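Asks: Provided herewith: structure23.cif, mmCIF, N, CA and C atoms.
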data_run
loop_
_atom_site.label_atom_id
_atom_site.label_comp_id
_atom_site.auth_asym_id
_atom_site.auth_seq_id
_atom_site.Cartn_x
_atom_site.Cartn_y
_atom_site.Cartn_z
N MET A 17 -72.11 -93.75 -114.87
CA MET A 17 -72.80 -92.75 -114.09
C MET A 17 -72.62 -93.02 -112.60
N PHE A 18 -72.73 -94.28 -112.19
CA PHE A 18 -72.58 -94.64 -110.79
C PHE A 18 -71.16 -94.36 -110.31
N ASP A 19 -70.17 -94.50 -111.18
CA ASP A 19 -68.79 -94.24 -110.82
C ASP A 19 -68.55 -92.76 -110.50
N GLN A 20 -69.24 -91.86 -111.18
CA GLN A 20 -69.09 -90.43 -110.92
C GLN A 20 -69.59 -90.08 -109.52
N LEU A 21 -70.69 -90.66 -109.09
CA LEU A 21 -71.24 -90.40 -107.77
C LEU A 21 -70.36 -91.01 -106.68
N LYS A 22 -69.69 -92.10 -107.00
CA LYS A 22 -68.83 -92.76 -106.04
C LYS A 22 -67.64 -91.88 -105.65
N ASN A 23 -67.11 -91.12 -106.60
CA ASN A 23 -65.96 -90.25 -106.35
C ASN A 23 -66.36 -88.90 -105.75
N MET A 24 -67.63 -88.62 -105.70
CA MET A 24 -68.13 -87.35 -105.20
C MET A 24 -68.16 -87.34 -103.67
N ASP A 25 -67.84 -86.21 -103.08
CA ASP A 25 -67.90 -86.05 -101.64
C ASP A 25 -69.37 -85.98 -101.21
N ALA A 26 -69.73 -86.69 -100.17
CA ALA A 26 -71.12 -86.74 -99.70
C ALA A 26 -71.60 -85.37 -99.21
N ARG A 27 -70.69 -84.53 -98.73
CA ARG A 27 -71.08 -83.20 -98.25
C ARG A 27 -71.61 -82.31 -99.37
N GLU A 28 -71.18 -82.56 -100.61
CA GLU A 28 -71.67 -81.77 -101.73
C GLU A 28 -73.14 -82.02 -101.98
N ILE A 29 -73.60 -83.17 -101.70
CA ILE A 29 -75.01 -83.50 -101.89
C ILE A 29 -75.83 -83.00 -100.69
N GLN A 30 -75.29 -83.15 -99.49
CA GLN A 30 -76.01 -82.78 -98.28
C GLN A 30 -76.05 -81.28 -98.06
N LEU A 31 -74.97 -80.60 -98.32
CA LEU A 31 -74.88 -79.15 -98.10
C LEU A 31 -74.56 -78.45 -99.41
N PRO A 32 -75.57 -78.11 -100.17
CA PRO A 32 -75.28 -77.41 -101.43
C PRO A 32 -74.69 -76.02 -101.14
N GLU A 33 -73.96 -75.51 -102.10
CA GLU A 33 -73.33 -74.21 -101.93
C GLU A 33 -74.39 -73.13 -101.76
N THR A 34 -74.25 -72.34 -100.72
CA THR A 34 -75.22 -71.30 -100.41
C THR A 34 -74.57 -69.94 -100.56
N VAL A 35 -75.29 -69.01 -101.13
CA VAL A 35 -74.81 -67.64 -101.28
C VAL A 35 -75.54 -66.79 -100.24
N PHE A 36 -74.77 -66.12 -99.40
CA PHE A 36 -75.34 -65.24 -98.39
C PHE A 36 -75.19 -63.80 -98.86
N ILE A 37 -76.28 -63.06 -98.79
CA ILE A 37 -76.28 -61.67 -99.22
C ILE A 37 -76.76 -60.81 -98.07
N ARG A 38 -76.08 -59.69 -97.85
CA ARG A 38 -76.46 -58.76 -96.79
C ARG A 38 -76.53 -57.36 -97.39
N ASP A 39 -77.70 -56.74 -97.29
CA ASP A 39 -77.87 -55.37 -97.75
C ASP A 39 -78.16 -54.49 -96.54
N ILE A 40 -77.56 -53.32 -96.54
CA ILE A 40 -77.78 -52.37 -95.46
C ILE A 40 -78.29 -51.07 -96.09
N GLU A 41 -79.46 -50.65 -95.66
CA GLU A 41 -80.07 -49.44 -96.19
C GLU A 41 -79.35 -48.19 -95.68
N THR A 42 -79.48 -47.12 -96.41
CA THR A 42 -78.86 -45.85 -96.05
C THR A 42 -79.33 -45.35 -94.69
N ARG A 43 -80.60 -45.60 -94.36
CA ARG A 43 -81.14 -45.15 -93.07
C ARG A 43 -80.37 -45.74 -91.89
N VAL A 44 -79.87 -46.96 -92.05
CA VAL A 44 -79.09 -47.60 -90.99
C VAL A 44 -77.78 -46.84 -90.78
N PHE A 45 -77.12 -46.51 -91.88
CA PHE A 45 -75.88 -45.74 -91.78
C PHE A 45 -76.14 -44.36 -91.18
N GLN A 46 -77.25 -43.74 -91.58
CA GLN A 46 -77.59 -42.43 -91.03
C GLN A 46 -77.81 -42.51 -89.52
N ALA A 47 -78.49 -43.54 -89.07
CA ALA A 47 -78.75 -43.69 -87.64
C ALA A 47 -77.45 -43.91 -86.87
N ILE A 48 -76.55 -44.71 -87.41
CA ILE A 48 -75.26 -44.93 -86.76
C ILE A 48 -74.48 -43.62 -86.69
N CYS A 49 -74.48 -42.87 -87.78
CA CYS A 49 -73.77 -41.59 -87.81
C CYS A 49 -74.39 -40.60 -86.83
N LEU A 50 -75.71 -40.56 -86.76
CA LEU A 50 -76.38 -39.65 -85.82
C LEU A 50 -76.02 -39.97 -84.38
N GLN A 51 -76.04 -41.25 -84.04
CA GLN A 51 -75.69 -41.65 -82.68
C GLN A 51 -74.24 -41.29 -82.36
N THR A 52 -73.37 -41.47 -83.32
CA THR A 52 -71.95 -41.16 -83.12
C THR A 52 -71.73 -39.65 -82.99
N LEU A 53 -72.36 -38.88 -83.87
CA LEU A 53 -72.19 -37.43 -83.84
C LEU A 53 -72.78 -36.82 -82.58
N ALA A 54 -73.81 -37.44 -82.02
CA ALA A 54 -74.44 -36.92 -80.80
C ALA A 54 -73.48 -36.98 -79.61
N LYS A 55 -72.51 -37.87 -79.67
CA LYS A 55 -71.55 -38.04 -78.58
C LYS A 55 -70.35 -37.09 -78.68
N ILE A 56 -70.28 -36.32 -79.76
CA ILE A 56 -69.15 -35.43 -79.99
C ILE A 56 -69.55 -34.00 -79.63
N ASP A 57 -68.81 -33.40 -78.72
CA ASP A 57 -69.09 -32.03 -78.29
C ASP A 57 -68.59 -31.03 -79.32
N GLY A 58 -69.29 -29.91 -79.41
CA GLY A 58 -68.83 -28.80 -80.23
C GLY A 58 -69.29 -28.81 -81.67
N ILE A 59 -70.17 -29.76 -82.03
CA ILE A 59 -70.67 -29.81 -83.40
C ILE A 59 -72.19 -29.93 -83.38
N GLY A 60 -72.80 -29.66 -84.51
CA GLY A 60 -74.24 -29.83 -84.66
C GLY A 60 -74.56 -30.13 -86.11
N LEU A 61 -75.70 -30.78 -86.32
CA LEU A 61 -76.12 -31.08 -87.68
C LEU A 61 -76.82 -29.88 -88.30
N LEU A 62 -77.03 -29.95 -89.59
CA LEU A 62 -77.72 -28.88 -90.28
C LEU A 62 -79.16 -28.78 -89.82
N GLU A 63 -79.67 -27.59 -89.73
CA GLU A 63 -81.05 -27.29 -89.39
C GLU A 63 -81.49 -27.83 -88.05
N GLY A 64 -80.57 -28.15 -87.17
CA GLY A 64 -80.92 -28.55 -85.82
C GLY A 64 -81.80 -29.78 -85.72
N ASN A 65 -81.68 -30.73 -86.66
CA ASN A 65 -82.56 -31.90 -86.65
C ASN A 65 -81.97 -33.09 -85.90
N LEU A 66 -80.93 -32.89 -85.13
CA LEU A 66 -80.28 -33.98 -84.43
C LEU A 66 -81.21 -34.63 -83.41
N ILE A 67 -81.88 -33.84 -82.61
CA ILE A 67 -82.75 -34.40 -81.58
C ILE A 67 -83.92 -35.14 -82.21
N ASP A 68 -84.55 -34.55 -83.22
CA ASP A 68 -85.66 -35.23 -83.89
C ASP A 68 -85.20 -36.55 -84.49
N SER A 69 -84.01 -36.55 -85.06
CA SER A 69 -83.51 -37.76 -85.67
C SER A 69 -83.20 -38.83 -84.62
N LEU A 70 -82.66 -38.41 -83.48
CA LEU A 70 -82.37 -39.36 -82.41
C LEU A 70 -83.64 -39.97 -81.84
N LEU A 71 -84.72 -39.20 -81.87
CA LEU A 71 -85.99 -39.70 -81.36
C LEU A 71 -86.77 -40.48 -82.41
N GLY A 72 -86.20 -40.62 -83.60
CA GLY A 72 -86.84 -41.44 -84.63
C GLY A 72 -87.80 -40.67 -85.50
N ARG A 73 -87.82 -39.36 -85.42
CA ARG A 73 -88.72 -38.56 -86.25
C ARG A 73 -88.01 -38.12 -87.50
N ASP A 74 -88.66 -38.28 -88.64
CA ASP A 74 -88.15 -37.80 -89.92
C ASP A 74 -86.76 -38.33 -90.25
N LEU A 75 -86.49 -39.58 -89.91
CA LEU A 75 -85.16 -40.14 -90.14
C LEU A 75 -84.83 -40.23 -91.63
N GLU A 76 -85.86 -40.40 -92.47
CA GLU A 76 -85.59 -40.50 -93.89
C GLU A 76 -85.18 -39.16 -94.49
N ARG A 77 -85.48 -38.06 -93.81
CA ARG A 77 -85.17 -36.75 -94.35
C ARG A 77 -83.96 -36.13 -93.67
N VAL A 78 -83.06 -36.94 -93.17
CA VAL A 78 -81.87 -36.43 -92.50
C VAL A 78 -81.02 -35.71 -93.55
N LYS A 79 -80.73 -34.46 -93.25
CA LYS A 79 -79.90 -33.70 -94.17
C LYS A 79 -78.47 -33.71 -93.66
N GLY A 80 -77.55 -33.78 -94.58
CA GLY A 80 -76.15 -33.67 -94.21
C GLY A 80 -75.44 -34.98 -93.98
N ILE A 81 -76.10 -36.12 -94.16
CA ILE A 81 -75.42 -37.41 -94.05
C ILE A 81 -75.70 -38.19 -95.33
N HIS A 82 -74.66 -38.39 -96.11
CA HIS A 82 -74.78 -39.08 -97.40
C HIS A 82 -73.86 -40.29 -97.39
N VAL A 83 -74.38 -41.42 -97.86
CA VAL A 83 -73.63 -42.67 -97.82
C VAL A 83 -73.65 -43.32 -99.21
N GLU A 84 -72.49 -43.80 -99.64
CA GLU A 84 -72.38 -44.54 -100.89
C GLU A 84 -71.72 -45.88 -100.59
N GLN A 85 -72.38 -46.96 -101.02
CA GLN A 85 -71.84 -48.30 -100.78
C GLN A 85 -71.27 -48.88 -102.07
N ASP A 86 -70.20 -49.62 -101.95
CA ASP A 86 -69.64 -50.38 -103.06
C ASP A 86 -69.83 -51.85 -102.71
N GLN A 87 -70.84 -52.48 -103.32
CA GLN A 87 -71.20 -53.86 -103.00
C GLN A 87 -70.08 -54.85 -103.35
N LYS A 88 -69.33 -54.56 -104.41
CA LYS A 88 -68.28 -55.49 -104.83
C LYS A 88 -67.10 -55.49 -103.88
N LYS A 89 -66.72 -54.31 -103.39
CA LYS A 89 -65.56 -54.20 -102.50
C LYS A 89 -65.94 -54.25 -101.03
N HIS A 90 -67.23 -54.27 -100.73
CA HIS A 90 -67.73 -54.25 -99.35
C HIS A 90 -67.19 -53.06 -98.58
N THR A 91 -67.29 -51.89 -99.22
CA THR A 91 -66.83 -50.66 -98.59
C THR A 91 -67.96 -49.64 -98.59
N VAL A 92 -67.77 -48.62 -97.79
CA VAL A 92 -68.75 -47.55 -97.70
C VAL A 92 -68.00 -46.22 -97.62
N GLU A 93 -68.55 -45.20 -98.27
CA GLU A 93 -68.02 -43.85 -98.20
C GLU A 93 -69.08 -42.96 -97.56
N ILE A 94 -68.66 -42.16 -96.60
CA ILE A 94 -69.59 -41.33 -95.84
C ILE A 94 -69.21 -39.87 -96.02
N ARG A 95 -70.24 -39.04 -96.23
CA ARG A 95 -70.04 -37.59 -96.29
C ARG A 95 -71.02 -36.96 -95.30
N VAL A 96 -70.48 -36.22 -94.33
CA VAL A 96 -71.33 -35.55 -93.35
C VAL A 96 -71.11 -34.04 -93.44
N GLU A 97 -72.21 -33.32 -93.36
CA GLU A 97 -72.18 -31.86 -93.34
C GLU A 97 -72.61 -31.45 -91.95
N ILE A 98 -71.73 -30.72 -91.26
CA ILE A 98 -72.01 -30.35 -89.88
C ILE A 98 -71.65 -28.90 -89.63
N ASN A 99 -72.15 -28.39 -88.53
CA ASN A 99 -71.78 -27.06 -88.04
C ASN A 99 -70.81 -27.24 -86.89
N ILE A 100 -69.94 -26.28 -86.69
CA ILE A 100 -68.94 -26.37 -85.63
C ILE A 100 -69.02 -25.14 -84.74
N GLY A 101 -68.77 -25.35 -83.47
CA GLY A 101 -68.80 -24.26 -82.51
C GLY A 101 -67.65 -23.29 -82.74
N TYR A 102 -67.94 -22.02 -82.51
CA TYR A 102 -66.93 -20.97 -82.67
C TYR A 102 -65.80 -21.20 -81.66
N GLY A 103 -64.57 -21.09 -82.11
CA GLY A 103 -63.41 -21.23 -81.24
C GLY A 103 -62.87 -22.65 -81.16
N ILE A 104 -63.46 -23.59 -81.86
CA ILE A 104 -62.99 -24.98 -81.85
C ILE A 104 -62.08 -25.20 -83.06
N SER A 105 -60.98 -25.88 -82.86
CA SER A 105 -60.03 -26.15 -83.94
C SER A 105 -60.67 -27.07 -84.98
N ILE A 106 -60.80 -26.59 -86.20
CA ILE A 106 -61.44 -27.36 -87.26
C ILE A 106 -60.64 -28.62 -87.61
N PRO A 107 -59.30 -28.55 -87.79
CA PRO A 107 -58.57 -29.78 -88.11
C PRO A 107 -58.69 -30.86 -87.03
N GLU A 108 -58.62 -30.45 -85.76
CA GLU A 108 -58.72 -31.43 -84.67
C GLU A 108 -60.12 -32.05 -84.61
N LYS A 109 -61.15 -31.21 -84.79
CA LYS A 109 -62.52 -31.71 -84.74
C LYS A 109 -62.81 -32.61 -85.94
N ALA A 110 -62.26 -32.27 -87.10
CA ALA A 110 -62.45 -33.10 -88.30
C ALA A 110 -61.85 -34.48 -88.08
N GLU A 111 -60.65 -34.52 -87.50
CA GLU A 111 -60.00 -35.81 -87.23
C GLU A 111 -60.80 -36.63 -86.24
N GLU A 112 -61.34 -35.99 -85.20
CA GLU A 112 -62.15 -36.69 -84.20
C GLU A 112 -63.41 -37.26 -84.83
N VAL A 113 -64.11 -36.45 -85.64
CA VAL A 113 -65.34 -36.90 -86.29
C VAL A 113 -65.05 -38.05 -87.24
N GLN A 114 -64.00 -37.91 -88.04
CA GLN A 114 -63.67 -38.94 -89.03
C GLN A 114 -63.32 -40.27 -88.37
N SER A 115 -62.48 -40.22 -87.34
CA SER A 115 -62.06 -41.47 -86.71
C SER A 115 -63.22 -42.14 -85.98
N LYS A 116 -64.06 -41.38 -85.31
CA LYS A 116 -65.19 -41.98 -84.59
C LYS A 116 -66.22 -42.56 -85.55
N LEU A 117 -66.50 -41.86 -86.64
CA LEU A 117 -67.46 -42.39 -87.61
C LEU A 117 -66.94 -43.67 -88.26
N ALA A 118 -65.67 -43.67 -88.65
CA ALA A 118 -65.10 -44.87 -89.28
C ALA A 118 -65.13 -46.05 -88.32
N GLU A 119 -64.78 -45.81 -87.08
CA GLU A 119 -64.76 -46.88 -86.07
C GLU A 119 -66.16 -47.45 -85.83
N GLU A 120 -67.15 -46.59 -85.63
CA GLU A 120 -68.50 -47.05 -85.31
C GLU A 120 -69.17 -47.75 -86.50
N VAL A 121 -69.04 -47.19 -87.68
CA VAL A 121 -69.65 -47.81 -88.86
C VAL A 121 -69.02 -49.16 -89.14
N SER A 122 -67.71 -49.26 -89.02
CA SER A 122 -67.03 -50.55 -89.23
C SER A 122 -67.46 -51.57 -88.19
N ARG A 123 -67.55 -51.12 -86.95
CA ARG A 123 -67.91 -52.05 -85.87
C ARG A 123 -69.33 -52.58 -86.03
N TRP A 124 -70.28 -51.71 -86.39
CA TRP A 124 -71.67 -52.13 -86.43
C TRP A 124 -72.09 -52.78 -87.75
N THR A 125 -71.40 -52.51 -88.84
CA THR A 125 -71.82 -53.07 -90.13
C THR A 125 -70.87 -54.12 -90.67
N GLY A 126 -69.63 -54.16 -90.20
CA GLY A 126 -68.66 -55.10 -90.73
C GLY A 126 -68.08 -54.67 -92.06
N LEU A 127 -68.42 -53.48 -92.51
CA LEU A 127 -67.92 -52.97 -93.78
C LEU A 127 -66.71 -52.07 -93.55
N HIS A 128 -65.82 -52.05 -94.52
CA HIS A 128 -64.66 -51.16 -94.46
C HIS A 128 -65.11 -49.75 -94.85
N VAL A 129 -64.72 -48.77 -94.07
CA VAL A 129 -65.04 -47.37 -94.40
C VAL A 129 -63.89 -46.83 -95.24
N ALA A 130 -64.17 -46.64 -96.52
CA ALA A 130 -63.14 -46.22 -97.46
C ALA A 130 -62.84 -44.73 -97.34
N ALA A 131 -63.85 -43.92 -97.00
CA ALA A 131 -63.65 -42.48 -96.90
C ALA A 131 -64.69 -41.86 -95.98
N VAL A 132 -64.25 -40.86 -95.22
CA VAL A 132 -65.15 -40.05 -94.42
C VAL A 132 -64.84 -38.60 -94.77
N HIS A 133 -65.78 -37.96 -95.44
CA HIS A 133 -65.61 -36.59 -95.90
C HIS A 133 -66.45 -35.70 -94.98
N VAL A 134 -65.80 -34.81 -94.24
CA VAL A 134 -66.48 -33.90 -93.33
C VAL A 134 -66.50 -32.51 -93.95
N ILE A 135 -67.70 -31.94 -94.05
CA ILE A 135 -67.85 -30.59 -94.59
C ILE A 135 -68.41 -29.71 -93.48
N PHE A 136 -67.66 -28.69 -93.12
CA PHE A 136 -68.12 -27.74 -92.11
C PHE A 136 -68.90 -26.65 -92.83
N LYS A 137 -70.19 -26.56 -92.55
CA LYS A 137 -71.08 -25.65 -93.27
C LYS A 137 -71.24 -24.29 -92.59
N ASP A 138 -71.20 -24.25 -91.27
CA ASP A 138 -71.48 -23.00 -90.57
C ASP A 138 -70.88 -23.03 -89.18
N LEU A 139 -70.80 -21.85 -88.57
CA LEU A 139 -70.32 -21.73 -87.19
C LEU A 139 -71.51 -21.66 -86.24
N ILE A 140 -71.37 -22.30 -85.10
CA ILE A 140 -72.35 -22.18 -84.04
C ILE A 140 -71.80 -21.12 -83.09
N LEU A 141 -72.46 -19.97 -83.08
CA LEU A 141 -71.99 -18.86 -82.26
C LEU A 141 -72.46 -19.05 -80.82
N PRO A 142 -71.64 -18.63 -79.86
CA PRO A 142 -72.06 -18.77 -78.46
C PRO A 142 -73.29 -17.92 -78.18
N GLN A 143 -74.25 -18.49 -77.46
CA GLN A 143 -75.46 -17.78 -77.10
C GLN A 143 -75.23 -17.03 -75.80
N PRO A 144 -75.58 -15.76 -75.75
CA PRO A 144 -75.43 -15.04 -74.49
C PRO A 144 -76.40 -15.62 -73.46
N ASP A 145 -75.98 -15.62 -72.21
CA ASP A 145 -76.83 -16.15 -71.15
C ASP A 145 -78.12 -15.35 -71.07
N ALA A 146 -79.20 -16.03 -70.76
CA ALA A 146 -80.49 -15.37 -70.63
C ALA A 146 -80.46 -14.37 -69.48
N GLU A 147 -79.74 -14.72 -68.42
CA GLU A 147 -79.65 -13.81 -67.27
C GLU A 147 -78.92 -12.54 -67.64
N ALA A 148 -77.85 -12.65 -68.41
CA ALA A 148 -77.10 -11.47 -68.82
C ALA A 148 -77.97 -10.57 -69.69
N ALA A 149 -78.76 -11.16 -70.58
CA ALA A 149 -79.65 -10.39 -71.44
C ALA A 149 -80.72 -9.69 -70.61
N GLU A 150 -81.27 -10.38 -69.60
CA GLU A 150 -82.27 -9.78 -68.73
C GLU A 150 -81.66 -8.65 -67.92
N GLY A 151 -80.44 -8.82 -67.43
CA GLY A 151 -79.75 -7.78 -66.67
C GLY A 151 -79.52 -6.54 -67.50
N GLU A 152 -79.13 -6.72 -68.75
CA GLU A 152 -78.91 -5.58 -69.64
C GLU A 152 -80.21 -4.84 -69.90
N GLN A 153 -81.29 -5.59 -70.09
CA GLN A 153 -82.58 -4.99 -70.35
C GLN A 153 -83.05 -4.20 -69.12
N ALA A 154 -82.89 -4.76 -67.93
CA ALA A 154 -83.28 -4.07 -66.71
C ALA A 154 -82.45 -2.80 -66.52
N GLY A 155 -81.15 -2.86 -66.83
CA GLY A 155 -80.28 -1.70 -66.73
C GLY A 155 -80.71 -0.60 -67.68
N ALA A 156 -81.10 -0.98 -68.89
CA ALA A 156 -81.56 0.01 -69.87
C ALA A 156 -82.85 0.68 -69.41
N GLU A 157 -83.73 -0.10 -68.78
CA GLU A 157 -85.00 0.46 -68.28
C GLU A 157 -84.73 1.45 -67.15
N LEU A 158 -83.77 1.16 -66.29
CA LEU A 158 -83.43 2.07 -65.20
C LEU A 158 -82.86 3.38 -65.73
N GLU A 159 -82.02 3.27 -66.76
CA GLU A 159 -81.43 4.48 -67.34
C GLU A 159 -82.50 5.37 -67.94
N GLU A 160 -83.50 4.74 -68.58
CA GLU A 160 -84.58 5.52 -69.19
C GLU A 160 -85.42 6.22 -68.12
N ALA A 161 -85.57 5.58 -66.95
CA ALA A 161 -86.37 6.15 -65.87
C ALA A 161 -85.72 7.41 -65.32
N PHE A 162 -84.41 7.52 -65.35
CA PHE A 162 -83.73 8.70 -64.80
C PHE A 162 -83.47 9.65 -65.88
#
Please render this file's structure as structure tokens.

Replies:
Amino acid sequence: MFDQLKNMDAREIQLPETVFIRDIETRVFQAICLQTLAKIDGIGLLEGNLIDSLLGRDLERVKGIHVEQDQKKHTVEIRVEINIGYGISIPEKAEEVQSKLAEEVSRWTGLHVAAVHVIFKDLILPQPDAEAAEGEQAGAELEEAF
């Protein structure tokens, strides 16, 4: 018995093998995606909840950001549903969203992003200026007066 301990490395007794585990909740991925999407012009989240989410309100109910983790492969798959502004090239915007999301998620979590699926749900139509609308209304009132 003493001979077995003599051949053993002293570090095995002093530093037993330790298993390190890291879990990342979906809310963390959602927050990273929200921060990244907020920096991209010409897009918006579903139901206009981007500002509320950035301010920390209702973060658990974020719609349009779905994350699936593979613990064995240390990868993550992201699916985002967004709206896009009218007149913006969908293929170019999809590539921009995908590359920025993959870069940010990888940088902040250390996980490989296996897939980024972007779904364009609706168009964001340009809003007419409030001044133009007021001018048209005033013009209509003048026409009615004469």

Asks: Enter the distance from atom CA of A:Ser115 to atom N of A:Val132, in Å, rounded to one decimal.

Replies: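 Distance reported for this atom pair: 8.8 Å.
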
Asks: Go ahead and compute the interatomic distance for atom C of A:Lys137 and atom C of A:Asn99, in Å to one decimal.

Replies: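 Between atom C of A:Lys137 and atom C of A:Asn99 the gap works out to 6.4 Å.
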
Asks: Excluding A:Thr42 and its own-chain neighbours fewer than 4 positions away, which residues fall within 6.5 Å of it when counting only N, CA and C atoms? Please give them as a PDB file with N, CA and C atoms, keeping the file's coordinate frame.

Replies:
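As written to disk, part-v9.pdb reads:
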ATOM      1  N   GLN A  46     -77.250 -43.740 -91.580  1.00  0.00           N
ATOM      2  CA  GLN A  46     -77.590 -42.430 -91.030  1.00  0.00           C
ATOM      3  C   GLN A  46     -77.810 -42.510 -89.520  1.00  0.00           C
ATOM      4  N   ALA A  47     -78.490 -43.540 -89.070  1.00  0.00           N
ATOM      5  CA  ALA A  47     -78.750 -43.690 -87.640  1.00  0.00           C
ATOM      6  C   ALA A  47     -77.450 -43.910 -86.870  1.00  0.00           C
ATOM      7  N   VAL A  83     -74.380 -41.420 -97.860  1.00  0.00           N
ATOM      8  CA  VAL A  83     -73.630 -42.670 -97.820  1.00  0.00           C
ATOM      9  C   VAL A  83     -73.650 -43.320 -99.210  1.00  0.00           C
TER      10      VAL A  83
END

Asks: Show me the residues around (-67.3, -23.6, -85.6) - criterion: an atom at most 6 Å away, all atoms listed in the file counted - as a PyMOL selection string.

Replies: chain A and resi 99-104+138-140

Asks: Using only N, CA and C atoms, pick whichever of A:Lys79, A:Lys109, A:Arg43, A:Lys89 has the shortest atom-to-atom distance to A:Gly58.

Replies: A:Lys109

Asks: Between atom CA of A:Val96 and atom CA of A:His82, what is the distance, to one decimal in Å?

Replies: 6.4 Å

Asks: Env of A:Val113: 8 Å cut, atoms = only N, CA and C atoms, seq-sep filter 2 positions within chain, self excluded. Answer as a list in words.

Replies: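 Skipping anything fewer than 2 positions along the chain leaves Thr52, Leu53, Ile56, Pro107, Glu108, Lys109, Ala110, Glu111, Ser115, Lys116, Leu117, Ala118, Glu119, Val132 and Val134 of chain A.
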
Asks: Between A:Val129, A:Glu97, A:Ile135, A:Gln87, single out the one closest to A:Leu61, counting only N, CA and C atoms.

Replies: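 Between A:Val129, A:Glu97, A:Ile135, A:Gln87, the residue approaching A:Leu61 most closely is A:Glu97.
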
Asks: Smallest atom-to-atom distance to A:Glu120: which of A:Ile59, A:Cys49, A:Ile81, A:Ile98, using only N, CA and C atoms?

Replies: A:Cys49

Asks: From the options A:Ser122, A:Leu141, A:His133, A:Gly60, which residue's atoms come nearest to A:Ile94, counting only N, CA and C atoms?

Replies: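 That would be A:His133, the residue with the smallest distance to A:Ile94.
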
Asks: Name all residues at most 5 Å from A:Val92 (count all atoms listed in the file; drop same-chain ones fewer than 3 positions away) and give them as a PyMOL selection string.

Replies: chain A and resi 84-86+128-131
